[in-house]
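**Student:** Take a look at this one; I'll ask things after.
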Amino acid sequence: MTDRKIRIMVAKPGLDGHDRGARVLARAFRDAGFEVIYTGCHQSPEQIAAAAIQEDIDVVGLSCLSGAHRYLFPRIVELLKEQGADDITVIGGGIIPEQDFPLLYEAGIKAIFTPGAKLDAIVDWIRTNIVPRN
Amino acid sequence: MTKTSAEKEQLRKIRAGDVRTASRLIRNLEDGLPEAKSSIKHIFPHTGRAHVLGITGSPGAGKSTLVDALIASFRKKEKTVGVLAVDPTSPFTGGAILGDRIRMQRHAEDPGVFIRSLATRGALGGLAKAVGDAVHVMDVMGKEIIMVETVGTGQQEVEIINHSHTVIVVLVPGMGDEIQAIKAGIMEIADIFVINKADRDGTAQLISELTAMLNMVPEFPGGWQPPVIRIGNVFDTGPFGESLEELAAAIGDHHRRLVETGLLGDRMRRKAMVEIHEALRDAILEPILKDLMKSGEMADIAGRLLRKESDPYTLAEEVAHRYLK
């Protein structure tokens with residue numbers, strides 16, 4: 001019996017303790033039938049990359065409301081790449097000004113969701129773009 | 001059993017402790033991929049070295065926090081650690097929130113620690129179906145201590161005894177009266193009792209109830225009477241650390257006792273029985289079910305049952321008679 005499940009990690013990098021949004025997302029992903037690993041607040045990029053590999057996830061959703069996304073998001077992509085795990089898709093969200101989008105896309109972030117994004121739209125994006133890996 | 005070169009490479013990587021390969025194999029086991037089963041055939045001969053601890057107790061009892069503290073304690077003694085943390089799958093959506101890891105994230109970067117979350121995916125008994133094989137994978141990676149944390153359990157989820165050598169039952173004060181302590185089920189499986197959050201009211205009463213319960217046992221296997229260890233407030237680091245070391249020592253004592261008395265062999269045999277049971281179910285029952293579904297016969301059978309033309313036992317006998325000659 002084969003039942004490939006999407007495994008997603010929701011992570012909050014950096015000095016940011018506002019995790020209501022991340023929890024709402026975790027709950028929405030659960031209701032979409034995904035297995036959600038939530039790692040809590042105040043995570044370093046190194047912790048997030050290590051957990052992503054240990055948990056063998058398909059996609060990591062980063063939430064950042066502190067303004068440090070310009071450093072934190074690309075750093076996580078870089079760390080995953082260094083450890084041969086660049087097949088893990090990295091997406092992000094939070095308070096992210098539009099002018100930063102090009103820099104983040106350039107760094108390998110595959111999608112960015114900002115306040116007002118519908119939960120359904122985020123879930124749909126994952127369903128469309130993430131195939132559980134073999 | 002010949003190995004393909006990919007399987008040889010996989011075994012080599014797992015034995016070298018490669019986290020990516022190991023975690024992927026665990027995932028394939030969870031997803032029930034046939035090639036994962038084949039991998040287990042190759043790694044199985046290399047298993048059997050780790051000391052496997054089961055940590056169980058009710059939701060919110062503090063299991064994950066205790067596991068986190070135990071990781072730190074074992075790492076101080078330079079032992080490598082694997083953790084399998086199980087959380088429940090939604091019966092409605094099939095999704096799950098795996099949140100035990102939050103308590104253990106300070107160990108994420110330590111290469112001597114491998115933490116993996118699993119969802120129950122419908123398995124009863126407080127564990128996930130893949131736990132038994134995931135323990136084997138971590139064992140072959142060379143993890144010296146493997147901690148299996150169950151879902152928050154009630155009274156009946158005792159599956160953990162089939163997969164661990166030392167069972168730690170975590171209790172908190174204020175959960176019920178003395179009748180709870182003499183009931184069957186989870187209270188019978190402990191090798192070590194931990195009273196967590198022991199700075200709270202009701203601890204003295206819980207200890208006296210547990211002691212009374214243990215005093216009613218005429219004889220303990222291997223002469224091991226489960227110790228009752230109080231663990232206080234995690235934020236009160238001095239006393240917390242001391243009581244934790246007491247627990248770590250009890251874990252070591254229990255393992256020595258298992259080895260000295262030959263009880264370890266009994267526990268391993270128990271796991272072996274469960275494993276062969278599950279493997280037989282996969283080998284015999286699953287193909288029949290799949291076949292019945294595919295041919296559409298399952299729908300016919302269900303229809304006959306609904307219309308009361310037959311009963312479940314007669315139908316099962318018919319199927320069994322046909323497939324198992």
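Please note that chains go A, B, ... in the order of the structure tokens, that every chain numbers its residues from 1, and that ligands are numbered from 1 in the order shown.
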Please produce, as a Markdown table, a per-residue contact table for chain B versus chain A (criterion: any atom at most 8 Å away, only C-alpha atoms considered), showing the nearest atom pair and its distance in Å to one decimal, sorted by chain then residue number.

**Tutor:**
```
| residue | atom | partner | partner_atom | distance |
| --- | --- | --- | --- | --- |
| B:Val19 | CA | A:Gln54 | CA | 6.2 |
| B:Arg20 | CA | A:Ile53 | CA | 6.0 |
| B:Ser23 | CA | A:Asp56 | CA | 5.7 |
| B:Arg24 | CA | A:Asp56 | CA | 6.0 |
| B:Arg27 | CA | A:Asp56 | CA | 7.2 |
| B:Asp31 | CA | A:Asp3 | CA | 5.3 |
| B:Gly32 | CA | A:Thr2 | CA | 5.4 |
| B:Leu33 | CA | A:Thr2 | CA | 6.0 |
| B:Ser90 | CA | A:Arg30 | CA | 7.9 |
| B:Thr93 | CA | A:Gly33 | CA | 5.0 |
| B:Gly94 | CA | A:Gly33 | CA | 4.8 |
| B:Gly95 | CA | A:Gly33 | CA | 3.6 |
| B:Ala96 | CA | A:Glu35 | CA | 4.7 |
| B:Ile97 | CA | A:Val36 | CA | 4.8 |
| B:Leu98 | CA | A:Ile37 | CA | 4.7 |
| B:Gly99 | CA | A:Tyr38 | CA | 5.4 |
| B:Arg101 | CA | A:Thr39 | CA | 6.2 |
| B:Ile102 | CA | A:Thr39 | CA | 4.6 |
| B:Gln105 | CA | A:Thr39 | CA | 7.0 |
| B:Arg106 | CA | A:Gln47 | CA | 7.8 |
| B:Ala108 | CA | A:Gln47 | CA | 5.4 |
| B:Glu109 | CA | A:Gln47 | CA | 5.8 |
| B:Phe114 | CA | A:Gln54 | CA | 6.6 |
| B:Ile115 | CA | A:Gln54 | CA | 6.4 |
| B:Arg116 | CA | A:Glu55 | CA | 5.4 |
| B:Ser117 | CA | A:Glu55 | CA | 6.6 |
| B:Ala119 | CA | A:Glu35 | CA | 7.3 |
```

**Student:** Please return, as a ChimeraX atom specification, all residues of region 42-254 of chain B that DSSP assigns to alpha helix (DSSP H) on the basis of the backbone.

**Tutor:** /B:42-43,63-76,131-140,178-182,203-215,237-254

**Student:** Please list as a PyMOL selection string every residue within 8 Å of Val90 (chain A), counting only C-alpha atoms and excluding residues in the same chain fewer than 4 positions away.

**Tutor:** chain A and resi 59-62+77+108-111

**Student:** Could you name the residues that touch Arg12 (chain B) at 12 Å or less, counting only C-alpha atoms, but leaving out those on the same chain fewer than 2 positions away, as a VMD selection string?

**Tutor:** chain B and resid 3 5 to 10 14 to 18 21 to 22 39 42 to 43 46 140 to 141

**Student:** For region 240-243 of chain B, please output as an MDAnalysis selection string all residues within 10 Å (counting only C-alpha atoms; exclusion window: fewer than 6 positions along the same chain).

**Tutor:** chainID B and resid 69:70 73 194 197:198 229:234 249

**Student:** Would you mind reading off the distance between CA of His42 (chain A) and CA of Gly94 (chain A), one decimal, in Å?

**Tutor:**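 About the pair CA of His42 (chain A) and CA of Gly94 (chain A): they are 14.9 Å apart.
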
**Student:** In region 45-170 of chain B, what's strand (DSSP E) per DSSP? Answer as a ChimeraX atom specification?

**Tutor:** /B:51-57,81-87,96-98,113-119,145-152,166-170

**Student:** Could you write out the selected residues, including C-alpha atoms, as a PDB file, in the first residue's frame?

**Tutor:**
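So out-v4.pdb came out as:
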```pdb
ATOM      1  CA  HIS B  51      19.562   0.326  24.198  1.00  0.00           C
ATOM      2  CA  VAL B  52      16.005   1.272  23.287  1.00  0.00           C
ATOM      3  CA  LEU B  53      14.004   3.353  25.765  1.00  0.00           C
ATOM      4  CA  GLY B  54      10.269   3.843  25.541  1.00  0.00           C
ATOM      5  CA  ILE B  55       8.874   7.058  26.997  1.00  0.00           C
ATOM      6  CA  THR B  56       5.131   7.070  27.507  1.00  0.00           C
ATOM      7  CA  GLY B  57       2.493   8.959  29.468  1.00  0.00           C
ATOM      8  CA  VAL B  81      21.318   9.318  20.590  1.00  0.00           C
ATOM      9  CA  GLY B  82      18.411   8.686  18.250  1.00  0.00           C
ATOM     10  CA  VAL B  83      14.892   9.897  18.989  1.00  0.00           C
ATOM     11  CA  LEU B  84      11.656   8.758  17.362  1.00  0.00           C
ATOM     12  CA  ALA B  85       8.853  11.077  18.422  1.00  0.00           C
ATOM     13  CA  VAL B  86       5.310   9.991  17.564  1.00  0.00           C
ATOM     14  CA  ASP B  87       2.321  12.336  17.326  1.00  0.00           C
ATOM     15  CA  ALA B  96      -0.698  15.696  11.492  1.00  0.00           C
ATOM     16  CA  ILE B  97       1.108  18.279  13.573  1.00  0.00           C
ATOM     17  CA  LEU B  98       4.392  16.848  14.751  1.00  0.00           C
ATOM     18  CA  VAL B 113      21.782  13.318  17.845  1.00  0.00           C
ATOM     19  CA  PHE B 114      19.201  12.309  15.233  1.00  0.00           C
ATOM     20  CA  ILE B 115      15.609  13.308  15.952  1.00  0.00           C
ATOM     21  CA  ARG B 116      12.823  12.088  13.672  1.00  0.00           C
ATOM     22  CA  SER B 117       9.088  12.758  14.063  1.00  0.00           C
ATOM     23  CA  LEU B 118       6.512  10.209  12.953  1.00  0.00           C
ATOM     24  CA  ALA B 119       2.744  10.404  12.618  1.00  0.00           C
ATOM     25  CA  ILE B 145      20.599   5.082  22.921  1.00  0.00           C
ATOM     26  CA  ILE B 146      17.322   5.221  21.025  1.00  0.00           C
ATOM     27  CA  MET B 147      14.396   6.936  22.689  1.00  0.00           C
ATOM     28  CA  VAL B 148      10.906   6.246  21.379  1.00  0.00           C
ATOM     29  CA  GLU B 149       8.376   8.786  22.575  1.00  0.00           C
ATOM     30  CA  THR B 150       4.771   7.624  22.224  1.00  0.00           C
ATOM     31  CA  VAL B 151       1.779   9.822  21.541  1.00  0.00           C
ATOM     32  CA  GLY B 152       0.085  11.098  24.658  1.00  0.00           C
ATOM     33  CA  THR B 166      13.290  -0.078  29.173  1.00  0.00           C
ATOM     34  CA  VAL B 167       9.858   1.519  29.526  1.00  0.00           C
ATOM     35  CA  ILE B 168       9.560   4.838  31.350  1.00  0.00           C
ATOM     36  CA  VAL B 169       6.027   5.818  32.319  1.00  0.00           C
ATOM     37  CA  VAL B 170       5.719   9.546  32.971  1.00  0.00           C
TER      38      VAL B 170
END
```

**Student:** Taking only C-alpha atoms into account, name the residue in B:Ser64, B:Thr80, B:Gln225, B:Ser310 that is nearest to Asn196 (chain B).

**Tutor:** B:Ser64

**Student:** Write out as a list in words each polymer residue whose atoms come within 6 Å of region 199-214 of chain B, counting only C-alpha atoms; drop sequence neighbours fewer than 3 positions from it.

**Tutor:**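 Result of the neighbour search: Pro173, Gly174, Glu178, Val217 and Gly232 of chain B.
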
**Student:** Residues of the last selection are to be written out with N, CA and C atoms, as a PDB file, in the first residue's frame.

**Tutor:**
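Output (part.pdb):
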```pdb
ATOM      1  N   PRO B 173       1.192  14.661  39.001  1.00  0.00           N
ATOM      2  CA  PRO B 173       0.248  14.632  40.120  1.00  0.00           C
ATOM      3  C   PRO B 173      -1.121  15.179  39.726  1.00  0.00           C
ATOM      4  N   GLY B 174      -2.123  14.704  40.432  1.00  0.00           N
ATOM      5  CA  GLY B 174      -3.459  15.257  40.260  1.00  0.00           C
ATOM      6  C   GLY B 174      -4.267  14.640  39.142  1.00  0.00           C
ATOM      7  N   GLU B 178      -6.639   6.386  43.853  1.00  0.00           N
ATOM      8  CA  GLU B 178      -5.798   5.194  43.956  1.00  0.00           C
ATOM      9  C   GLU B 178      -6.283   4.039  43.075  1.00  0.00           C
ATOM     10  N   VAL B 217       2.710  -6.270  44.414  1.00  0.00           N
ATOM     11  CA  VAL B 217       3.274  -7.212  43.442  1.00  0.00           C
ATOM     12  C   VAL B 217       4.104  -8.246  44.196  1.00  0.00           C
ATOM     13  N   GLY B 232      11.396  17.538  39.288  1.00  0.00           N
ATOM     14  CA  GLY B 232      10.742  18.800  39.624  1.00  0.00           C
ATOM     15  C   GLY B 232      10.617  19.750  38.442  1.00  0.00           C
TER      16      GLY B 232
END
```

**Student:** If you measure from CA of Glu275 (chain B) to CA of Ile288 (chain B), what distance in Å do you get, rounded to one decimal?

**Tutor:**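 CA of Ile288 (chain B) lies at a distance of 19.8 Å from CA of Glu275 (chain B).
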
**Student:** Work out how far CA of Val319 (chain B) is from CA of Asp291 (chain B), in Å to one decimal.

**Tutor:**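 Result for CA of Asp291 (chain B) versus CA of Val319 (chain B): 11.1 Å, one decimal.
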
**Student:** When you count only C-alpha atoms, which of these residues is closest to Pro13 (chain A): A:Ala68, A:Ala107, A:Leu25, A:Thr114?

**Tutor:**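 Answer, going by the shortest atom-to-atom distance: A:Ala68.
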
**Student:** Could you list, as a PyMOL selection string, every residue within 8 Å of Pro45 (chain A), counting only C-alpha atoms and ignoring same-chain residues fewer than 6 positions away?

**Tutor:** chain A and resi 13-14+72+75-76+79
